[in-house]
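Enquirer: Below is work-v4.txt; it holds compact mmCIF, N, CA and C atoms.
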```txt
# COMPACT_ATOMS: atom_id res chain seq x y z
N MET A 996 -34.93 -58.76 24.59
CA MET A 996 -35.56 -58.40 25.84
C MET A 996 -36.92 -57.78 25.57
N LYS A 997 -37.83 -58.08 26.46
CA LYS A 997 -39.15 -57.47 26.37
C LYS A 997 -39.09 -56.07 26.96
N GLN A 998 -39.95 -55.21 26.47
CA GLN A 998 -40.06 -53.86 27.02
C GLN A 998 -41.00 -53.86 28.22
N PHE A 999 -40.68 -53.05 29.20
CA PHE A 999 -41.50 -52.91 30.41
C PHE A 999 -42.88 -52.39 30.07
N ASN A 1000 -43.89 -52.99 30.67
CA ASN A 1000 -45.27 -52.58 30.49
C ASN A 1000 -45.89 -52.46 31.88
N GLU A 1001 -46.21 -51.25 32.30
CA GLU A 1001 -46.72 -51.03 33.67
C GLU A 1001 -47.99 -51.78 33.98
N THR A 1002 -48.81 -52.07 32.98
CA THR A 1002 -50.06 -52.78 33.24
C THR A 1002 -49.82 -54.24 33.63
N GLU A 1003 -48.67 -54.79 33.26
CA GLU A 1003 -48.37 -56.19 33.59
C GLU A 1003 -47.66 -56.35 34.92
N VAL A 1004 -47.22 -55.26 35.52
CA VAL A 1004 -46.34 -55.34 36.69
C VAL A 1004 -46.97 -56.09 37.87
N ASN A 1005 -48.27 -56.03 38.05
CA ASN A 1005 -48.91 -56.68 39.20
C ASN A 1005 -49.42 -58.08 38.91
N HIS A 1006 -49.23 -58.56 37.70
CA HIS A 1006 -49.92 -59.78 37.31
C HIS A 1006 -49.07 -61.04 37.23
N HIS A 1007 -47.78 -60.94 37.26
CA HIS A 1007 -46.97 -62.15 37.16
C HIS A 1007 -45.55 -61.92 37.66
N ARG A 1008 -44.78 -62.99 37.61
CA ARG A 1008 -43.37 -62.92 37.99
C ARG A 1008 -42.55 -62.58 36.75
N PHE A 1009 -41.56 -61.74 36.94
CA PHE A 1009 -40.64 -61.45 35.85
C PHE A 1009 -39.36 -60.86 36.41
N ILE A 1010 -38.35 -60.84 35.55
CA ILE A 1010 -37.04 -60.31 35.92
C ILE A 1010 -36.84 -59.02 35.16
N LEU A 1011 -36.66 -57.94 35.89
CA LEU A 1011 -36.57 -56.61 35.31
C LEU A 1011 -35.13 -56.12 35.29
N TYR A 1012 -34.65 -55.79 34.10
CA TYR A 1012 -33.33 -55.20 33.93
C TYR A 1012 -33.51 -53.69 33.87
N ILE A 1013 -32.95 -52.97 34.83
CA ILE A 1013 -33.11 -51.53 34.94
C ILE A 1013 -31.78 -50.89 34.53
N TYR A 1014 -31.86 -49.94 33.60
CA TYR A 1014 -30.65 -49.35 33.03
C TYR A 1014 -30.89 -47.88 32.68
N THR A 1015 -29.83 -47.20 32.31
CA THR A 1015 -29.93 -45.91 31.64
C THR A 1015 -29.09 -46.00 30.37
N PRO A 1016 -29.47 -45.29 29.32
CA PRO A 1016 -28.83 -45.44 28.01
C PRO A 1016 -27.35 -45.09 27.95
N PHE A 1017 -26.88 -44.16 28.75
CA PHE A 1017 -25.49 -43.71 28.65
C PHE A 1017 -24.59 -44.28 29.73
N CYS A 1018 -25.03 -45.34 30.38
CA CYS A 1018 -24.27 -45.99 31.45
C CYS A 1018 -23.40 -47.09 30.86
N GLY A 1019 -22.09 -46.95 30.98
CA GLY A 1019 -21.16 -47.95 30.44
C GLY A 1019 -21.31 -49.31 31.10
N THR A 1020 -21.48 -49.32 32.41
CA THR A 1020 -21.66 -50.58 33.13
C THR A 1020 -22.96 -51.26 32.71
N CYS A 1021 -23.97 -50.47 32.42
CA CYS A 1021 -25.24 -51.02 31.94
C CYS A 1021 -25.05 -51.73 30.60
N THR A 1022 -24.19 -51.19 29.75
CA THR A 1022 -23.92 -51.80 28.44
C THR A 1022 -23.27 -53.17 28.62
N VAL A 1023 -22.34 -53.28 29.56
CA VAL A 1023 -21.68 -54.55 29.85
C VAL A 1023 -22.70 -55.54 30.42
N ALA A 1024 -23.54 -55.08 31.34
CA ALA A 1024 -24.56 -55.94 31.94
C ALA A 1024 -25.54 -56.44 30.88
N ARG A 1025 -25.96 -55.54 29.98
CA ARG A 1025 -26.89 -55.92 28.91
C ARG A 1025 -26.28 -57.02 28.05
N ALA A 1026 -25.00 -56.92 27.75
CA ALA A 1026 -24.34 -57.94 26.93
C ALA A 1026 -24.41 -59.31 27.60
N MET A 1027 -24.24 -59.34 28.91
CA MET A 1027 -24.35 -60.61 29.65
C MET A 1027 -25.76 -61.17 29.53
N LEU A 1028 -26.76 -60.32 29.73
CA LEU A 1028 -28.15 -60.76 29.69
C LEU A 1028 -28.55 -61.22 28.29
N GLU A 1029 -28.10 -60.49 27.28
CA GLU A 1029 -28.41 -60.87 25.90
C GLU A 1029 -27.75 -62.20 25.54
N LYS A 1030 -26.56 -62.45 26.06
CA LYS A 1030 -25.88 -63.72 25.82
C LYS A 1030 -26.70 -64.88 26.42
N ILE A 1031 -27.23 -64.68 27.61
CA ILE A 1031 -28.07 -65.69 28.26
C ILE A 1031 -29.33 -65.93 27.43
N GLU A 1032 -29.96 -64.86 26.97
CA GLU A 1032 -31.17 -65.01 26.16
C GLU A 1032 -30.88 -65.73 24.84
N ARG A 1033 -29.77 -65.41 24.20
CA ARG A 1033 -29.40 -66.10 22.95
C ARG A 1033 -29.20 -67.59 23.20
N LEU A 1034 -28.54 -67.92 24.29
CA LEU A 1034 -28.29 -69.31 24.62
C LEU A 1034 -29.59 -70.09 24.82
N HIS A 1035 -30.56 -69.46 25.48
CA HIS A 1035 -31.83 -70.12 25.77
C HIS A 1035 -32.88 -69.90 24.67
N LYS A 1036 -32.56 -69.04 23.72
CA LYS A 1036 -33.44 -68.75 22.58
C LYS A 1036 -34.83 -68.29 23.04
N GLU A 1037 -34.83 -67.38 24.04
CA GLU A 1037 -36.10 -66.81 24.50
C GLU A 1037 -35.84 -65.50 25.24
N ASP A 1038 -36.88 -64.69 25.32
CA ASP A 1038 -36.81 -63.46 26.12
C ASP A 1038 -36.98 -63.86 27.59
N ILE A 1039 -35.97 -63.61 28.37
CA ILE A 1039 -36.00 -63.95 29.79
C ILE A 1039 -36.19 -62.69 30.63
N PHE A 1040 -35.63 -61.59 30.17
CA PHE A 1040 -35.62 -60.36 30.93
C PHE A 1040 -36.54 -59.32 30.31
N THR A 1041 -37.08 -58.47 31.16
CA THR A 1041 -37.86 -57.31 30.75
C THR A 1041 -37.02 -56.10 31.08
N GLU A 1042 -36.93 -55.14 30.16
CA GLU A 1042 -36.07 -53.99 30.41
C GLU A 1042 -36.87 -52.72 30.63
N ILE A 1043 -36.28 -51.84 31.44
CA ILE A 1043 -36.89 -50.54 31.71
C ILE A 1043 -35.78 -49.50 31.78
N ASN A 1044 -35.99 -48.41 31.07
CA ASN A 1044 -35.07 -47.28 31.10
C ASN A 1044 -35.41 -46.45 32.35
N ALA A 1045 -34.51 -46.43 33.30
CA ALA A 1045 -34.74 -45.73 34.57
C ALA A 1045 -35.05 -44.25 34.36
N SER A 1046 -34.45 -43.65 33.34
CA SER A 1046 -34.66 -42.23 33.08
C SER A 1046 -36.11 -41.91 32.69
N MET A 1047 -36.78 -42.88 32.12
CA MET A 1047 -38.15 -42.66 31.64
C MET A 1047 -39.21 -43.01 32.68
N HIS A 1048 -38.80 -43.60 33.81
CA HIS A 1048 -39.76 -44.05 34.82
C HIS A 1048 -39.32 -43.64 36.24
N PRO A 1049 -39.17 -42.34 36.49
CA PRO A 1049 -38.69 -41.90 37.81
C PRO A 1049 -39.62 -42.29 38.97
N ASP A 1050 -40.93 -42.32 38.74
CA ASP A 1050 -41.85 -42.71 39.81
C ASP A 1050 -41.66 -44.17 40.20
N PHE A 1051 -41.47 -45.02 39.20
CA PHE A 1051 -41.21 -46.43 39.46
C PHE A 1051 -39.92 -46.58 40.27
N MET A 1052 -38.90 -45.85 39.86
CA MET A 1052 -37.60 -45.92 40.54
C MET A 1052 -37.71 -45.52 42.01
N GLN A 1053 -38.43 -44.44 42.26
CA GLN A 1053 -38.58 -43.97 43.63
C GLN A 1053 -39.45 -44.92 44.45
N HIS A 1054 -40.56 -45.35 43.88
CA HIS A 1054 -41.48 -46.24 44.58
C HIS A 1054 -40.78 -47.54 45.01
N HIS A 1055 -39.94 -48.08 44.14
CA HIS A 1055 -39.28 -49.36 44.43
C HIS A 1055 -37.88 -49.19 45.01
N GLN A 1056 -37.51 -47.94 45.29
CA GLN A 1056 -36.24 -47.61 45.94
C GLN A 1056 -35.04 -48.23 45.21
N ILE A 1057 -34.99 -48.02 43.90
CA ILE A 1057 -33.86 -48.47 43.11
C ILE A 1057 -32.72 -47.50 43.37
N GLU A 1058 -31.60 -48.00 43.85
CA GLU A 1058 -30.50 -47.16 44.30
C GLU A 1058 -29.52 -46.80 43.20
N SER A 1059 -29.34 -47.68 42.22
CA SER A 1059 -28.40 -47.40 41.14
C SER A 1059 -28.69 -48.32 39.96
N VAL A 1060 -28.02 -48.04 38.86
CA VAL A 1060 -28.12 -48.89 37.69
C VAL A 1060 -26.72 -49.34 37.30
N PRO A 1061 -26.58 -50.49 36.69
CA PRO A 1061 -27.65 -51.40 36.34
C PRO A 1061 -28.19 -52.13 37.57
N CYS A 1062 -29.43 -52.58 37.44
CA CYS A 1062 -30.08 -53.33 38.51
C CYS A 1062 -30.89 -54.45 37.88
N LEU A 1063 -30.83 -55.61 38.46
CA LEU A 1063 -31.67 -56.72 38.08
C LEU A 1063 -32.65 -56.91 39.23
N ALA A 1064 -33.93 -56.69 38.97
CA ALA A 1064 -34.95 -56.77 40.01
C ALA A 1064 -35.85 -57.97 39.74
N PHE A 1065 -36.01 -58.80 40.73
CA PHE A 1065 -36.86 -59.98 40.61
C PHE A 1065 -38.22 -59.63 41.18
N MET A 1066 -39.21 -59.56 40.29
CA MET A 1066 -40.54 -59.05 40.62
C MET A 1066 -41.54 -60.19 40.79
N GLU A 1067 -42.37 -60.07 41.81
CA GLU A 1067 -43.48 -60.99 42.01
C GLU A 1067 -44.66 -60.19 42.52
N ASN A 1068 -45.77 -60.26 41.79
CA ASN A 1068 -47.01 -59.58 42.17
C ASN A 1068 -46.81 -58.10 42.48
N GLY A 1069 -46.04 -57.43 41.63
CA GLY A 1069 -45.85 -56.00 41.75
C GLY A 1069 -44.83 -55.55 42.78
N LYS A 1070 -44.18 -56.50 43.43
CA LYS A 1070 -43.18 -56.17 44.44
C LYS A 1070 -41.82 -56.76 44.04
N ILE A 1071 -40.77 -56.05 44.40
CA ILE A 1071 -39.43 -56.56 44.17
C ILE A 1071 -39.06 -57.46 45.33
N VAL A 1072 -38.73 -58.71 45.02
CA VAL A 1072 -38.35 -59.65 46.07
C VAL A 1072 -36.84 -59.68 46.28
N GLU A 1073 -36.09 -59.26 45.25
CA GLU A 1073 -34.63 -59.17 45.39
C GLU A 1073 -34.09 -58.24 44.32
N LYS A 1074 -33.04 -57.50 44.69
CA LYS A 1074 -32.36 -56.60 43.74
C LYS A 1074 -30.89 -57.01 43.67
N VAL A 1075 -30.36 -57.00 42.46
CA VAL A 1075 -28.94 -57.29 42.25
C VAL A 1075 -28.33 -56.09 41.55
N TYR A 1076 -27.33 -55.50 42.17
CA TYR A 1076 -26.65 -54.34 41.59
C TYR A 1076 -25.28 -54.71 41.02
N THR A 1077 -24.70 -55.79 41.48
CA THR A 1077 -23.39 -56.22 41.02
C THR A 1077 -23.56 -57.48 40.18
N PHE A 1078 -23.48 -57.35 38.87
CA PHE A 1078 -23.71 -58.48 37.98
C PHE A 1078 -22.55 -59.48 38.01
N GLN A 1079 -21.34 -59.02 38.18
CA GLN A 1079 -20.11 -59.81 38.29
C GLN A 1079 -19.80 -60.63 37.04
N SER A 1080 -20.64 -61.61 36.72
CA SER A 1080 -20.37 -62.50 35.59
C SER A 1080 -21.67 -63.17 35.15
N THR A 1081 -21.60 -63.79 33.99
CA THR A 1081 -22.76 -64.55 33.50
C THR A 1081 -23.07 -65.68 34.47
N ALA A 1082 -22.05 -66.33 34.99
CA ALA A 1082 -22.26 -67.42 35.95
C ALA A 1082 -22.99 -66.92 37.20
N ASN A 1083 -22.68 -65.73 37.64
CA ASN A 1083 -23.37 -65.16 38.79
C ASN A 1083 -24.85 -64.94 38.49
N ILE A 1084 -25.15 -64.44 37.31
CA ILE A 1084 -26.56 -64.23 36.92
C ILE A 1084 -27.29 -65.56 36.90
N TYR A 1085 -26.61 -66.61 36.43
CA TYR A 1085 -27.24 -67.94 36.41
C TYR A 1085 -27.61 -68.42 37.80
N GLN A 1086 -26.87 -68.04 38.82
CA GLN A 1086 -27.24 -68.42 40.20
C GLN A 1086 -28.62 -67.88 40.55
N TYR A 1087 -28.89 -66.66 40.12
CA TYR A 1087 -30.21 -66.06 40.38
C TYR A 1087 -31.28 -66.69 39.50
N LEU A 1088 -30.93 -67.02 38.27
CA LEU A 1088 -31.91 -67.65 37.38
C LEU A 1088 -32.32 -69.02 37.91
N MET A 1089 -31.39 -69.75 38.48
CA MET A 1089 -31.74 -71.06 39.05
C MET A 1089 -32.74 -70.90 40.20
N LYS A 1090 -32.63 -69.82 40.92
CA LYS A 1090 -33.53 -69.56 42.05
C LYS A 1090 -34.89 -69.03 41.58
N TYR A 1091 -34.89 -68.08 40.65
CA TYR A 1091 -36.12 -67.40 40.27
C TYR A 1091 -36.76 -67.87 38.96
N LYS A 1092 -36.03 -68.61 38.15
CA LYS A 1092 -36.58 -69.10 36.90
C LYS A 1092 -36.07 -70.52 36.64
N PRO A 1093 -36.37 -71.44 37.57
CA PRO A 1093 -35.83 -72.80 37.47
C PRO A 1093 -36.31 -73.56 36.23
N GLU A 1094 -37.42 -73.14 35.65
CA GLU A 1094 -37.93 -73.82 34.46
C GLU A 1094 -36.95 -73.75 33.29
N LEU A 1095 -36.01 -72.83 33.32
CA LEU A 1095 -34.98 -72.77 32.28
C LEU A 1095 -34.06 -73.99 32.31
N PHE A 1096 -34.04 -74.67 33.43
CA PHE A 1096 -33.06 -75.74 33.63
C PHE A 1096 -33.68 -77.13 33.72
N THR A 1097 -34.97 -77.23 33.48
CA THR A 1097 -35.60 -78.55 33.52
C THR A 1097 -35.25 -79.33 32.27
N ALA A 1098 -35.00 -80.59 32.45
CA ALA A 1098 -34.62 -81.43 31.31
C ALA A 1098 -35.83 -81.67 30.41
N ILE A 1099 -35.60 -81.60 29.12
CA ILE A 1099 -36.70 -81.84 28.18
C ILE A 1099 -36.61 -83.24 27.56
N ASN A 1100 -35.62 -83.99 28.00
CA ASN A 1100 -35.51 -85.38 27.54
C ASN A 1100 -36.37 -86.27 28.41
N ASN A 1101 -37.20 -87.07 27.77
CA ASN A 1101 -38.07 -88.00 28.54
C ASN A 1101 -37.56 -89.41 28.45
```
Show me this structure written as structure tokens.
Expert:
Amino acid sequence: MKQFNETEVNHHRFILYIYTPFCGTCTVARAMLEKIERLHKEDIFTEINASMHPDFMQHHQIESVPCLAFMENGKIVEKVYTFQSTANIYQYLMKYKPELFTAINN
């Protein structure tokens, strides 16, 4: 996972994984996201430690962790608090990162 960089937040689309280090549910969610990244062999998610960015959390009204926030041009377009399963995360990836699923066979 890529680390959050505040200077990039307004410049492109990305998927932000919001967590805290001592959250057990966050650990389970991270394992799901890391499995997806291993499968695709690329960094798909950007991570941010909620404890280190309280202003960001308040500004974007993050209610709890873990949270998957789909960012576009500095704004959150959707928040997911219930990860449920890897298959559930893929439903969001198909919507927000469809290029992961384009066929490379010509």
Enquirer: Between CA of Ile1057 (chain A) and CA of Thr1041 (chain A), what is the distance, to one decimal in Å?
Expert: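 Rounded to one decimal, the two atoms are 15.7 Å apart.
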Enquirer: Give me, as a ChimeraX atom specification, all polymer residues having an atom no more than 6 Å from Glu1073 (chain A), counting all atoms listed in the file and skipping those fewer than 4 positions away in the same chain.
Expert: /A:1063-1066
Enquirer: Nearest to Ser1046 (chain A): which of A:Asn1005, A:Thr1015, A:Thr1077, A:Thr1020 is it, counting all atoms listed in the file?
Expert: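 So, comparing all the options, the nearest one is A:Thr1015.
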Enquirer: Please write out, as JSON, where the centre of an axis-aligned box around all listed atoms of region 1072-1090 of chain A lies and how long its edges are, in Å to one decimal, after adding 6 Å on each side.
Expert:
```
{"center_x": -29.3, "center_y": -62.7, "center_z": 39.9, "size_x": 30.9, "size_y": 28.7, "size_z": 24.8}
```
Enquirer: Go through A:Ile1010, A:Lys1092, A:Lys997, A:Leu1028 and flag the residue nearest Ser1080 (chain A), using all atoms listed in the file for the distances.
Expert: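 Smallest distance to Ser1080 (chain A) is found for A:Leu1028.
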Enquirer: Could you state the separation of atom C of Gly1069 (chain A) and CA of Gln1086 (chain A) in Å, given to one decimal place?
Expert: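 CA of Gln1086 (chain A) lies 21.9 Å from atom C of Gly1069 (chain A).
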Enquirer: Which one of A:Arg1025, A:Thr1081, A:Lys1090, A:Ile1013 sits closest to Phe1051 (chain A) if you count only C-alpha atoms?
Expert: A:Ile1013
Enquirer: Write out as a compact mmCIF listing (two decimals) with N, CA and C atoms, keeping the file's coordinate frame which residues come within 10 Å of Ser1059 (chain A) when counting only C-alpha atoms, dropping same-chain ones fewer than 2 positions away.
Expert:
```txt
# COMPACT_ATOMS: atom_id res chain seq x y z
N ILE A 1013 -32.95 -52.97 34.83
CA ILE A 1013 -33.11 -51.53 34.94
C ILE A 1013 -31.78 -50.89 34.53
N TYR A 1014 -31.86 -49.94 33.60
CA TYR A 1014 -30.65 -49.35 33.03
C TYR A 1014 -30.89 -47.88 32.68
N THR A 1015 -29.83 -47.20 32.31
CA THR A 1015 -29.93 -45.91 31.64
C THR A 1015 -29.09 -46.00 30.37
N ALA A 1045 -34.51 -46.43 33.30
CA ALA A 1045 -34.74 -45.73 34.57
C ALA A 1045 -35.05 -44.25 34.36
N MET A 1052 -38.90 -45.85 39.86
CA MET A 1052 -37.60 -45.92 40.54
C MET A 1052 -37.71 -45.52 42.01
N GLN A 1056 -37.51 -47.94 45.29
CA GLN A 1056 -36.24 -47.61 45.94
C GLN A 1056 -35.04 -48.23 45.21
N ILE A 1057 -34.99 -48.02 43.90
CA ILE A 1057 -33.86 -48.47 43.11
C ILE A 1057 -32.72 -47.50 43.37
N PRO A 1061 -26.58 -50.49 36.69
CA PRO A 1061 -27.65 -51.40 36.34
C PRO A 1061 -28.19 -52.13 37.57
N CYS A 1062 -29.43 -52.58 37.44
CA CYS A 1062 -30.08 -53.33 38.51
C CYS A 1062 -30.89 -54.45 37.88
N VAL A 1075 -30.36 -57.00 42.46
CA VAL A 1075 -28.94 -57.29 42.25
C VAL A 1075 -28.33 -56.09 41.55
N TYR A 1076 -27.33 -55.50 42.17
CA TYR A 1076 -26.65 -54.34 41.59
C TYR A 1076 -25.28 -54.71 41.02
```
Enquirer: Give the answer as one residue: which of A:Asn1044, A:Met996, A:Lys1036, A:Ile1031 has the shortest atom-to-atom distance to Cys1018 (chain A), using only C-alpha atoms?
Expert: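 Nearest candidate to Cys1018 (chain A) out of A:Asn1044, A:Met996, A:Lys1036, A:Ile1031: A:Asn1044.
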